[in-house]
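Here the structure is laid out as structure tokens; the discussion comes afterwards.
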Number of protein chains: 2
Amino acid sequence: MTHPVPFTSEEFDSSLEELFAYLRIPSISTLPEHQPDMMRAAEWTAAKLRQIGMSRAEVIPTQGHPLVYGEWLGAPGAPTVLIYGHYDVQPPDPLSEWVSPPFEPVIHDEHVVARGAADDKGQVFINLKAIETLMRADGKLPVNVKFIIEGEEEIGSAQLEKFVIAHADELKVDVIVISDTTMLSLQQPAISTSFRGHLSMEVEVQGPAFDLHSGQHGGVVHNPIVALCEIIAQLHNEDRSVAVPGFYDRVRAISNEEREELAALYDEAELRRETGAPRSWGEEAFSLRERIVARPTLELTGIVGGYTGEGTKSVLPARALAKIACRLVADQDPVEIAELVRQRITELTPPTVTSSFRVMKMSYPVSVPVDNAAIEAAVRAYEHGFGVKPIFMRKGGSLPIVATFNQVFGAPIVLAGYGLPSDRVHGPNERFHLDCLRRGWSTAVSLYRELGKLPPEAYSTRG
Amino acid sequence: MTHPVPFTSEEFDSSLEELFAYLRIPSISTLPEHQPDMMRAAEWTAAKLRQIGMSRAEVIPTQGHPLVYGEWLGAPGAPTVLIYGHYDVQPPDPLSEWVSPPFEPVIHDEHVVARGAADDKGQVFINLKAIETLMRADGKLPVNVKFIIEGEEEIGSAQLEKFVIAHADELKVDVIVISDTTMLSLQQPAISTSFRGHLSMEVEVQGPAFDLHSGQHGGVVHNPIVALCEIIAQLHNEDRSVAVPGFYDRVRAISNEEREELAALYDEAELRRETGAPRSWGEEAFSLRERIVARPTLELTGIVGGYTGEGTKSVLPARALAKIACRLVADQDPVEIAELVRQRITELTPPTVTSSFRVMKMSYPVSVPVDNAAIEAAVRAYEHGFGVKPIFMRKGGSLPIVATFNQVFGAPIVLAGYGLPSDRVHGPNERFHLDCLRRGWSTAVSLYRELGKLPPEAYSTRG
């Protein structure tokens with residue numbers, strides 16, 4: 001049963017103006033030229049935390065992009081909830097494919113369209129608005145809250161990891177709430193239970209010492225683009241499994257029961273509709289959803305070499321570069337997999353060129369237990385917000401900081417996401433459904449109320 | 001025996017200032033934003049033609065970049081020489097690899113370093129200076145001259161081809177001189193005798209309809225970068241021959257004698273020194289030089305897909321693009337080869353993606369006879385300029401307009417080039433040796449004097 005939303009439609013409409021201001025800041029963490037925007041986005045977040053009543057709210061400098069920390073600890077005896085999110089976004093390119101500019105948010109077809117609308121500013125915003133709603137309604141909160149909104153989620157969360165480890169004692173919390181995931185659909189909310197690990201790498205193939213004329217030297221030196229393509233073409237077997245020896249050695253099998261559940265969640269027609277791909281691809285021995293959430297992958301996220309401008313250039317380039325990203329599942333170790341991939345690429349590199357290999361970022365696969373009081377509170381909150389019980393879902397993506405939270409806090413983690421698979425996160429025309437914002441806001445209000453109903457000890461998973 | 005150069009060292013030094021002014025104009029024909037620079041370079045050329053005494057010199061608009069035409073017809077009874085060159089240049093990227101900016105020429109290590117220094121502004125300049133020298137010395141020229149300096153050589157010469165065909169009668173000439181090639185070395189000048197044909201194409205592979213999140217959809221749709229690499233990896237056989245059925249069907253074998261000559265011209269050590277490649281690559285049944293000048297090739301001149309900026313982006317891109325360039329030898333037909341490559345790529349495209357194919361430009365392979373009075377005059381001119389007899393050399397590159405000149409004029413063509421294989425044309429740090437400029441200028445003066453010694457009929461190859 002859906003509860004009535006705890007805000008008026010005027011409040012909702014004016015909240016969109018606030019969200020748009022947040023989305024207008026091009027806080028792209030991977031591009032150095034956006035450093036001033038990172039600071040602006042951090043300051044926007046801190047100002048909003050102050051405005052909704054946090055007793056402390058600050059921008060904390062790091063060796064990378066700043067963290068935003070906010071807290072309100074005025075509910076003695078109530079549990080303390082860490083609310084995590086990130087204000088950084090992915091680069092918007094290819095720019096030409098956006099229907100409207102990525103940092104000029106618009107409402108289109110019942111969606112907010114902008115880079116960061118779903119990942120993750122829109123979901124951070126839901127939590128900010130939920131706390132604001134509770135504070136306005138009661139003059140206080142049902143729980144103590146500590147907000148950590150970071151600026152490096154899209155580039156590996158290295159600074160946050162250091163910060164959390166260094167401040168583990170001060171940060172002590174009873175429950176962790178993270179809103180940076182998708183549900184199955186608007187009709188079927190979901191609580192996430194696992195993330196895949198992530199390993200991103202660059203491979204550069206060097207042929208001649210400098211670019212040559214394709215007529216004067218074509219046919220006598222190995223073209224580094226061709227050599228790189230030949231290497232990449234050998235990274236998958238004919239059955240589409242990853243052709244890196246040892247890659248699957250530590251992959252933990254999942255139960256037949258869960259395999260059947262996963263198989264039922266997603267089918268070929270839905271995949272084609274959702275992605276526009278002519279047909280599916282991948283390991284045929286596994287269902288589509290199982291491939292996404294319970295199998296490791298090796299993807300190419302970028303390639304570049306030679307002349308890529310308009311028209312033609314008769315060049316035989318000196319080098320070509322590929323960006324490779326693996327998603328890993330339990331119990332794969334990204335350090336070990338990076339070494340296996342490096343070895344494989346070295347082995348595949350012919351003596352006619354040289355190759356170099358760099359690890360860019362990595363994170364471990366992680367699972368989140370669901371047999372605890374915090375998850376039970378979240379289940380009730382989604383029932384209030386969406387009118388149906390949420391399901392539990394493994395995720396295909398990665399959220400590097402979850403493994404660190406798991407280790408450092410030992411507190412239950414609630415992956416309370418409000419996005420949809422059709423949000424086009426990381427791609428052009430990223431969007432966030434207005435109903436996700438509306439019902440998410442409502443769900444989050446319920447979530448903090450529900451979490452406040454039990455004492456801190458009820459959430460303890462230790463001792 | 002080298003003749004004394006027909007200019008003073010002061011004249012040579014001040015000529016460098018003129019050449020630098022020409023080289024400073026970034027006349028990159030393939031990039032639309034350089035259109036104003038194309039006009040500036042054309043006007044510079046026309047102004048120089050007027051200054052050296054042409055009775056007519058004009059910039060002729062076309063549907064593409066303008067042509068420059070100049071003429072002096074004050075030598076009745078003497079042969080008429082068409083002097084061809086081009087004022088357009090290749091794009092300078094990768095910019096970061098230039099030691100000095102590409103359009104700010106400098107003298108470094110006895111070379112003029114700038115985009116276009118050798119290809120082809122420096123060689124156009126040699127002919128301009130030679131005519132200037134003759135005009136100053138005698139107040140007239142030993143031959144009638146018609147200059148055609150085009151702005152589209154690097155993009156296929158389509159406008160010039162139309163112009164030449166449309167004005168075949170007015171343009172009637174007895175000899176054609178083209179300076180846009182290399183010699184073997186400073187010690188061994190060479191007259192070129194053939195060019196390979198050229199065929200440049202683009203292949204785009206499309207997977208999903210828009211960029212996806214590599215975690216959410218990796219492993220279930222065919223990554224277009226991977227698919228493109230898999231296609232490219234299948235375009236060469238294990239023996240490094242081109243894996244396109246029918247590709248070699250019309251390749252004309254060359255004589256064993258010429259094969260031996262070619263084998264002696266170039267070796268592995270020289271290739272490594274010249275290119276910095278770890279070792280050679282290519283069809284092992286053919287010598288290095290034979291592969292360059294007498295065998296067809298298929299090269300990748302560019303590839304791009306996904307995220308290519310700094311750092312990482314978790315994207316599974318919608319598409320990936322490759323630029324493919326073939327060099328063709330007699331009797332291959334670029335129209336036919338384009339179709340064979342298209343068919344092969346279609347056949348290699350798996351049903352999990354779609355591919356599209358575009359032909360960007362093409363030209364036919366062409367040979368130039370050397371048993372005529374014009375070539376004999378050129379041989380004497382090189383002996384004057386360089387002190388040794390030039391050799392005859394097949395070229396690996398392409399010069400699309402030569403086939404048209406051959407068909408339309410039926411006049412002997414003298415490929416009197418003054419560049420060196422180490423000029424880095426099309427690559428970063430393109431350069432032109434000061435001795436090439438000095439001796440080339442001197443050779444060109446001799447060439448026009450030698451050509452003027454016989455009546456027009458002496459050059460006729462028809463009837």
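We label chains A, B, ... in the order they appear in the structure tokens, count residues from 1 in each chain, and number ligands from 1 in the order shown.
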
Legend entry - Selection near region 383-394 of chain A, 9 Å with only C-alpha atoms, sequence-local residues under 2 positions removed, as a PyMOL selection string: chain A and resi 1-5+183-184+186-196+262+292-294+367+370+378-381+396+438-446

Take the residues from that selection and write them out as a PDB file, in the first residue's frame, keeping C-alpha atoms.
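Once everything was written out, this is result-v2.pdb:
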```pdb
ATOM      1  CA  MET A   1       0.000   0.000   0.000  1.00  0.00           C
ATOM      2  CA  THR A   2       1.400   3.374  -0.965  1.00  0.00           C
ATOM      3  CA  HIS A   3       1.342   5.985   1.771  1.00  0.00           C
ATOM      4  CA  PRO A   4       0.435   9.542   0.769  1.00  0.00           C
ATOM      5  CA  VAL A   5       3.595  11.425  -0.249  1.00  0.00           C
ATOM      6  CA  MET A 183      15.350  -1.052  -9.173  1.00  0.00           C
ATOM      7  CA  LEU A 184      13.873  -3.619 -11.558  1.00  0.00           C
ATOM      8  CA  LEU A 186       8.845   1.494 -11.377  1.00  0.00           C
ATOM      9  CA  GLN A 187       6.379  -1.291 -10.603  1.00  0.00           C
ATOM     10  CA  GLN A 188       8.978  -3.480  -8.928  1.00  0.00           C
ATOM     11  CA  PRO A 189      11.327  -1.727  -6.514  1.00  0.00           C
ATOM     12  CA  ALA A 190      14.452  -3.577  -5.466  1.00  0.00           C
ATOM     13  CA  ILE A 191      17.118  -3.594  -2.806  1.00  0.00           C
ATOM     14  CA  SER A 192      20.551  -4.465  -4.173  1.00  0.00           C
ATOM     15  CA  THR A 193      22.559  -7.236  -2.591  1.00  0.00           C
ATOM     16  CA  SER A 194      25.857  -7.401  -4.454  1.00  0.00           C
ATOM     17  CA  PHE A 195      28.158  -5.492  -6.743  1.00  0.00           C
ATOM     18  CA  ARG A 196      30.713  -6.789  -9.141  1.00  0.00           C
ATOM     19  CA  LEU A 262      17.881 -14.707 -12.541  1.00  0.00           C
ATOM     20  CA  ILE A 292      25.297  -9.319 -15.918  1.00  0.00           C
ATOM     21  CA  VAL A 293      25.348  -9.932 -12.188  1.00  0.00           C
ATOM     22  CA  ALA A 294      27.063 -13.254 -11.510  1.00  0.00           C
ATOM     23  CA  SER A 367      27.924  -8.872  -1.185  1.00  0.00           C
ATOM     24  CA  VAL A 370      19.904  -9.098   3.856  1.00  0.00           C
ATOM     25  CA  ALA A 378      13.941  -0.805   4.127  1.00  0.00           C
ATOM     26  CA  VAL A 379      11.471  -3.417   2.884  1.00  0.00           C
ATOM     27  CA  ARG A 380       8.693  -1.664   4.812  1.00  0.00           C
ATOM     28  CA  ALA A 381       9.829   1.737   3.529  1.00  0.00           C
ATOM     29  CA  GLY A 396      26.158  -5.783 -12.518  1.00  0.00           C
ATOM     30  CA  ARG A 438       8.681  11.376  -6.122  1.00  0.00           C
ATOM     31  CA  ARG A 439       8.374   7.848  -4.741  1.00  0.00           C
ATOM     32  CA  GLY A 440      12.058   7.678  -3.814  1.00  0.00           C
ATOM     33  CA  TRP A 441      11.704  10.814  -1.700  1.00  0.00           C
ATOM     34  CA  SER A 442       8.671   9.329  -0.029  1.00  0.00           C
ATOM     35  CA  THR A 443      10.414   5.962   0.504  1.00  0.00           C
ATOM     36  CA  ALA A 444      13.469   7.633   2.009  1.00  0.00           C
ATOM     37  CA  VAL A 445      11.301   9.546   4.513  1.00  0.00           C
ATOM     38  CA  SER A 446       9.755   6.215   5.540  1.00  0.00           C
TER      39      SER A 446
END
```

Could you name the residues that touch region 230-233 of chain B at 6 Å or less, counting only C-alpha atoms, but leaving out those on the same chain fewer than 2 positions away, as a short mmCIF file (atom, residue, chain, number, x, y, z; two decimals) with N, CA and C atoms, in the first residue's frame?
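Wrote part11.cif, looks like this:
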```cif
data_model
loop_
_atom_site.label_atom_id
_atom_site.label_comp_id
_atom_site.auth_asym_id
_atom_site.auth_seq_id
_atom_site.Cartn_x
_atom_site.Cartn_y
_atom_site.Cartn_z
N CYS A 229 44.27 -4.53 -32.49
CA CYS A 229 43.03 -5.25 -32.82
C CYS A 229 43.25 -6.76 -32.75
N GLU A 230 44.42 -7.20 -33.24
CA GLU A 230 44.72 -8.63 -33.20
C GLU A 230 44.82 -9.12 -31.76
N ALA A 233 41.18 -9.06 -30.31
CA ALA A 233 40.35 -10.14 -30.87
C ALA A 233 40.64 -11.48 -30.21
N ALA B 227 33.90 -6.04 -31.51
CA ALA B 227 33.45 -6.54 -32.82
C ALA B 227 34.30 -5.96 -33.95
N LEU B 228 34.59 -4.67 -33.86
CA LEU B 228 35.42 -4.02 -34.89
C LEU B 228 36.83 -4.62 -34.89
N LEU B 235 41.43 -9.26 -41.36
CA LEU B 235 41.72 -8.67 -42.67
C LEU B 235 43.13 -8.99 -43.16
N LEU B 348 32.23 -10.50 -42.60
CA LEU B 348 32.85 -10.67 -41.28
C LEU B 348 32.01 -10.06 -40.15
#
```

All strand (DSSP E or B) positions in region 200-402 of chain B, as a tab-separated table (two decimals) with N, CA, C and O atoms, in the first residue's frame:
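selection-v1.tsv written:
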```
chain	number	residue	atom	x	y	z
B	200	SER	N	40.73	4.89	-49.79
B	200	SER	CA	40.51	5.03	-48.35
B	200	SER	C	39.03	4.93	-48.03
B	200	SER	O	38.17	5.40	-48.76
B	201	MET	N	38.79	4.23	-46.92
B	201	MET	CA	37.43	3.83	-46.56
B	201	MET	C	37.21	4.03	-45.07
B	201	MET	O	38.17	4.10	-44.30
B	202	GLU	N	35.95	4.09	-44.68
B	202	GLU	CA	35.61	4.08	-43.26
B	202	GLU	C	34.65	2.93	-42.99
B	202	GLU	O	33.73	2.70	-43.77
B	203	VAL	N	34.87	2.25	-41.88
B	203	VAL	CA	33.96	1.19	-41.45
B	203	VAL	C	33.47	1.57	-40.07
B	203	VAL	O	34.26	1.86	-39.18
B	204	GLU	N	32.16	1.57	-39.90
B	204	GLU	CA	31.61	1.86	-38.58
B	204	GLU	C	30.81	0.66	-38.13
B	204	GLU	O	29.97	0.15	-38.87
B	205	VAL	N	31.10	0.22	-36.91
B	205	VAL	CA	30.34	-0.89	-36.34
B	205	VAL	C	29.41	-0.31	-35.27
B	205	VAL	O	29.84	0.44	-34.40
B	206	GLN	N	28.14	-0.67	-35.38
B	206	GLN	CA	27.15	-0.19	-34.41
B	206	GLN	C	26.64	-1.38	-33.61
B	206	GLN	O	26.27	-2.41	-34.18
B	212	LEU	N	26.02	2.42	-23.41
B	212	LEU	CA	25.49	1.74	-22.23
B	212	LEU	C	26.53	1.77	-21.11
B	212	LEU	O	27.69	2.06	-21.33
B	213	HIS	N	26.08	1.42	-19.92
B	213	HIS	CA	26.96	1.30	-18.75
B	213	HIS	C	27.63	-0.06	-18.85
B	213	HIS	O	26.96	-1.08	-19.01
B	218	GLY	N	27.52	-4.92	-19.91
B	218	GLY	CA	28.70	-5.67	-20.36
B	218	GLY	C	28.42	-7.16	-20.24
B	218	GLY	O	27.84	-7.61	-19.26
B	221	VAL	N	25.68	-7.68	-24.52
B	221	VAL	CA	25.62	-7.16	-25.89
B	221	VAL	C	27.05	-7.15	-26.44
B	221	VAL	O	28.01	-7.03	-25.69
B	236	HIS	N	43.93	-9.65	-42.31
B	236	HIS	CA	45.23	-10.16	-42.76
B	236	HIS	C	45.32	-11.65	-42.46
B	236	HIS	O	44.85	-12.10	-41.41
B	242	VAL	N	46.85	-9.80	-47.41
B	242	VAL	CA	45.54	-9.22	-47.15
B	242	VAL	C	44.46	-10.29	-47.34
B	242	VAL	O	44.40	-10.93	-48.40
B	297	THR	N	48.69	-3.11	-50.24
B	297	THR	CA	48.58	-3.25	-48.78
B	297	THR	C	47.20	-2.83	-48.31
B	297	THR	O	46.44	-2.17	-49.03
B	298	LEU	N	46.89	-3.23	-47.09
B	298	LEU	CA	45.69	-2.75	-46.41
B	298	LEU	C	46.14	-2.29	-45.04
B	298	LEU	O	46.67	-3.08	-44.25
B	299	GLU	N	46.01	-0.99	-44.80
B	299	GLU	CA	46.46	-0.42	-43.53
B	299	GLU	C	45.29	0.21	-42.78
B	299	GLU	O	44.31	0.64	-43.38
B	300	LEU	N	45.43	0.29	-41.47
B	300	LEU	CA	44.49	1.06	-40.66
B	300	LEU	C	45.13	2.42	-40.39
B	300	LEU	O	46.23	2.48	-39.85
B	301	THR	N	44.45	3.49	-40.81
B	301	THR	CA	45.02	4.82	-40.58
B	301	THR	C	44.37	5.52	-39.39
B	301	THR	O	44.83	6.56	-38.97
B	302	GLY	N	43.32	4.92	-38.85
B	302	GLY	CA	42.69	5.50	-37.67
B	302	GLY	C	41.67	4.56	-37.08
B	302	GLY	O	41.10	3.72	-37.78
B	303	ILE	N	41.48	4.68	-35.76
B	303	ILE	CA	40.43	3.92	-35.09
B	303	ILE	C	39.98	4.73	-33.90
B	303	ILE	O	40.78	5.39	-33.24
B	304	VAL	N	38.68	4.71	-33.63
B	304	VAL	CA	38.18	5.43	-32.45
B	304	VAL	C	36.86	4.83	-32.01
B	304	VAL	O	36.04	4.42	-32.82
B	305	GLY	N	36.72	4.74	-30.69
B	305	GLY	CA	35.46	4.24	-30.13
B	305	GLY	C	35.48	4.42	-28.63
B	305	GLY	O	36.53	4.36	-28.01
B	306	GLY	N	34.31	4.67	-28.04
B	306	GLY	CA	34.20	4.77	-26.59
B	306	GLY	C	34.87	6.00	-26.04
B	306	GLY	O	34.97	7.03	-26.71
B	315	VAL	N	31.93	2.76	-19.85
B	315	VAL	CA	30.98	2.83	-20.94
B	315	VAL	C	31.15	1.65	-21.88
B	315	VAL	O	32.24	1.16	-22.12
B	316	LEU	N	30.01	1.18	-22.36
B	316	LEU	CA	30.00	0.21	-23.44
B	316	LEU	C	29.44	1.01	-24.61
B	316	LEU	O	28.25	1.29	-24.67
B	319	ARG	N	29.09	2.60	-30.74
B	319	ARG	CA	29.73	2.32	-32.03
B	319	ARG	C	31.24	2.55	-31.98
B	319	ARG	O	31.75	3.16	-31.04
B	320	ALA	N	31.90	2.04	-32.99
B	320	ALA	CA	33.34	2.23	-33.13
B	320	ALA	C	33.63	2.38	-34.62
B	320	ALA	O	32.95	1.79	-35.46
B	321	LEU	N	34.62	3.19	-34.94
B	321	LEU	CA	34.91	3.56	-36.32
B	321	LEU	C	36.37	3.28	-36.66
B	321	LEU	O	37.26	3.57	-35.87
B	322	ALA	N	36.60	2.73	-37.84
B	322	ALA	CA	37.97	2.53	-38.31
B	322	ALA	C	38.13	3.16	-39.69
B	322	ALA	O	37.21	3.14	-40.51
B	323	LYS	N	39.31	3.73	-39.91
B	323	LYS	CA	39.66	4.25	-41.23
B	323	LYS	C	40.67	3.28	-41.85
B	323	LYS	O	41.71	3.01	-41.26
B	324	ILE	N	40.32	2.77	-43.01
B	324	ILE	CA	41.14	1.76	-43.68
B	324	ILE	C	41.66	2.36	-44.97
B	324	ILE	O	40.93	3.05	-45.68
B	325	ALA	N	42.93	2.12	-45.27
B	325	ALA	CA	43.49	2.62	-46.53
B	325	ALA	C	44.25	1.50	-47.24
B	325	ALA	O	45.10	0.86	-46.65
B	326	CYS	N	43.90	1.28	-48.48
B	326	CYS	CA	44.64	0.33	-49.31
B	326	CYS	C	45.55	1.09	-50.26
B	326	CYS	O	45.17	2.14	-50.78
B	327	ARG	N	46.73	0.53	-50.48
B	327	ARG	CA	47.58	1.00	-51.58
B	327	ARG	C	47.52	-0.09	-52.65
B	327	ARG	O	47.61	-1.28	-52.31
B	328	LEU	N	47.35	0.31	-53.86
B	328	LEU	CA	47.09	-0.66	-54.94
B	328	LEU	C	48.17	-0.58	-56.01
B	328	LEU	O	48.75	0.48	-56.24
B	354	THR	N	25.83	-4.25	-36.36
B	354	THR	CA	25.69	-3.92	-37.79
B	354	THR	C	26.94	-3.13	-38.19
B	354	THR	O	27.61	-2.54	-37.34
B	355	SER	N	27.24	-3.15	-39.49
B	355	SER	CA	28.38	-2.34	-39.93
B	355	SER	C	27.98	-1.52	-41.14
B	355	SER	O	27.10	-1.90	-41.91
B	356	SER	N	28.62	-0.37	-41.27
B	356	SER	CA	28.41	0.43	-42.47
B	356	SER	C	29.77	0.76	-43.05
B	356	SER	O	30.79	0.75	-42.35
B	357	PHE	N	29.79	1.05	-44.32
B	357	PHE	CA	31.03	1.15	-45.09
B	357	PHE	C	30.92	2.35	-46.02
B	357	PHE	O	29.90	2.54	-46.68
B	358	ARG	N	31.95	3.17	-46.03
B	358	ARG	CA	31.97	4.35	-46.90
B	358	ARG	C	33.32	4.43	-47.62
B	358	ARG	O	34.36	4.27	-46.99
B	359	VAL	N	33.29	4.72	-48.90
B	359	VAL	CA	34.54	5.00	-49.61
B	359	VAL	C	34.79	6.50	-49.51
B	359	VAL	O	33.91	7.30	-49.79
B	360	MET	N	35.99	6.87	-49.08
B	360	MET	CA	36.29	8.29	-48.87
B	360	MET	C	36.99	8.88	-50.10
B	360	MET	O	36.69	9.97	-50.53
B	361	LYS	N	37.98	8.16	-50.62
B	361	LYS	CA	38.64	8.63	-51.84
B	361	LYS	C	39.36	7.47	-52.50
B	361	LYS	O	39.65	6.47	-51.85
B	362	MET	N	39.64	7.60	-53.76
B	362	MET	CA	40.36	6.53	-54.45
B	362	MET	C	41.17	7.09	-55.62
B	362	MET	O	40.85	8.13	-56.18
B	363	SER	N	42.23	6.37	-55.96
B	363	SER	CA	43.00	6.71	-57.17
B	363	SER	C	43.60	5.44	-57.73
B	363	SER	O	43.79	4.46	-57.01
B	366	VAL	N	49.61	4.00	-61.15
B	366	VAL	CA	50.00	4.59	-62.41
B	366	VAL	C	51.51	4.44	-62.63
B	366	VAL	O	52.30	4.50	-61.69
B	367	SER	N	51.89	4.20	-63.88
B	367	SER	CA	53.31	4.11	-64.24
B	367	SER	C	53.63	5.21	-65.24
B	367	SER	O	52.77	5.62	-66.02
B	391	ILE	N	68.75	7.59	-60.29
B	391	ILE	CA	68.19	6.27	-60.62
B	391	ILE	C	66.68	6.41	-60.83
B	391	ILE	O	66.08	7.44	-60.49
B	392	PHE	N	66.09	5.37	-61.40
B	392	PHE	CA	64.63	5.34	-61.56
B	392	PHE	C	64.04	4.51	-60.43
B	392	PHE	O	64.55	3.43	-60.11
B	393	MET	N	62.97	5.02	-59.81
B	393	MET	CA	62.43	4.36	-58.63
B	393	MET	C	60.91	4.30	-58.66
B	393	MET	O	60.25	5.31	-58.89
B	394	ARG	N	60.37	3.12	-58.37
B	394	ARG	CA	58.93	3.03	-58.11
B	394	ARG	C	58.64	3.65	-56.75
B	394	ARG	O	59.45	3.54	-55.83
```

Inset, instruction - Going by DSSP on the backbone, which bits of region 269-387 of chain A are helix (DSSP H, G or I)? Write them as a ChimeraX atom specification, please. - result: /A:269-275,288-294,334-348,373-386

Inset, instruction - Check the smallest atom-to-atom distance from each of A:Lys140, A:His222, A:Arg342, A:Arg272 to chain B using only C-alpha atoms, then report the winner. - result: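 The closest residue to chain B is A:His222.
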
Residue contacts of Gln63 (chain B) (10 Å, only C-alpha atoms) excluding same-chain residues fewer than 3 positions away, as a compact mmCIF listing (two decimals) with N, CA and C atoms, in the first residue's frame:
```
# COMPACT_ATOMS: atom_id res chain seq x y z
N PRO B 66 40.30 26.10 -53.72
CA PRO B 66 40.68 26.74 -54.99
C PRO B 66 41.96 26.16 -55.60
N ALA B 158 39.88 15.73 -56.45
CA ALA B 158 38.65 15.61 -57.25
C ALA B 158 38.39 16.85 -58.10
N GLN B 159 38.61 18.05 -57.52
CA GLN B 159 38.33 19.28 -58.27
C GLN B 159 39.31 19.46 -59.42
```

Test item: residues at most 10 Å from Val408 (chain B), only C-alpha atoms, excluding those fewer than 6 positions along its chain, as an mmCIF file with N, CA, C and O atoms, in the first residue's frame:
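Listing of result-v3.cif after writing:
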```
data_model
loop_
_atom_site.group_PDB
_atom_site.id
_atom_site.type_symbol
_atom_site.label_atom_id
_atom_site.label_comp_id
_atom_site.auth_asym_id
_atom_site.auth_seq_id
_atom_site.Cartn_x
_atom_site.Cartn_y
_atom_site.Cartn_z
ATOM 1 N N GLU B 161 40.866 17.167 -61.020
ATOM 2 C CA GLU B 161 40.558 16.200 -62.066
ATOM 3 C C GLU B 161 39.462 16.747 -62.996
ATOM 4 O O GLU B 161 39.606 16.727 -64.222
ATOM 5 N N VAL B 164 40.928 19.668 -65.102
ATOM 6 C CA VAL B 164 41.830 19.239 -66.182
ATOM 7 C C VAL B 164 41.027 18.653 -67.349
ATOM 8 O O VAL B 164 41.291 18.953 -68.517
ATOM 9 N N ILE B 165 40.023 17.850 -67.001
ATOM 10 C CA ILE B 165 39.211 17.246 -68.063
ATOM 11 C C ILE B 165 38.424 18.321 -68.815
ATOM 12 O O ILE B 165 38.371 18.331 -70.043
ATOM 13 N N ALA B 166 37.892 19.287 -68.055
ATOM 14 C CA ALA B 166 37.080 20.338 -68.681
ATOM 15 C C ALA B 166 37.920 21.287 -69.537
ATOM 16 O O ALA B 166 37.432 21.865 -70.501
ATOM 17 N N HIS B 167 39.201 21.489 -69.163
ATOM 18 C CA HIS B 167 40.033 22.464 -69.878
ATOM 19 C C HIS B 167 41.184 21.809 -70.624
ATOM 20 O O HIS B 167 42.232 22.427 -70.831
ATOM 21 N N ALA B 168 40.952 20.562 -71.056
ATOM 22 C CA ALA B 168 42.032 19.785 -71.677
ATOM 23 C C ALA B 168 42.659 20.525 -72.866
ATOM 24 O O ALA B 168 43.889 20.554 -73.010
ATOM 25 N N ASP B 169 41.825 21.152 -73.701
ATOM 26 C CA ASP B 169 42.360 21.792 -74.900
ATOM 27 C C ASP B 169 43.206 23.016 -74.573
ATOM 28 O O ASP B 169 44.340 23.146 -75.044
ATOM 29 N N LEU B 171 44.713 23.682 -71.901
ATOM 30 C CA LEU B 171 45.878 23.360 -71.075
ATOM 31 C C LEU B 171 46.973 22.654 -71.854
ATOM 32 O O LEU B 171 48.031 22.396 -71.316
ATOM 33 N N LYS B 172 46.742 22.369 -73.093
ATOM 34 C CA LYS B 172 47.669 21.576 -73.901
ATOM 35 C C LYS B 172 49.141 21.888 -73.585
ATOM 36 O O LYS B 172 49.581 23.026 -73.629
ATOM 37 N N VAL B 402 48.181 11.999 -61.366
ATOM 38 C CA VAL B 402 49.073 11.528 -62.432
ATOM 39 C C VAL B 402 48.318 10.684 -63.454
ATOM 40 O O VAL B 402 48.526 10.818 -64.667
#
```

Inset, instruction - Fewer than 6 positions away in the same chain doesn't count, so skip those; otherwise give me all residues within 6 Å of region 423-432 of chain A, counting only C-alpha atoms, as a PyMOL selection string. - result: (chain A and resi 90+98+111-115+117-118) or (chain B and resi 211-213)

Legend entry - Distance of CA of His198 (chain A) from CA of Pro278 (chain A), expressed in Å to one decimal place: 26.8 Å
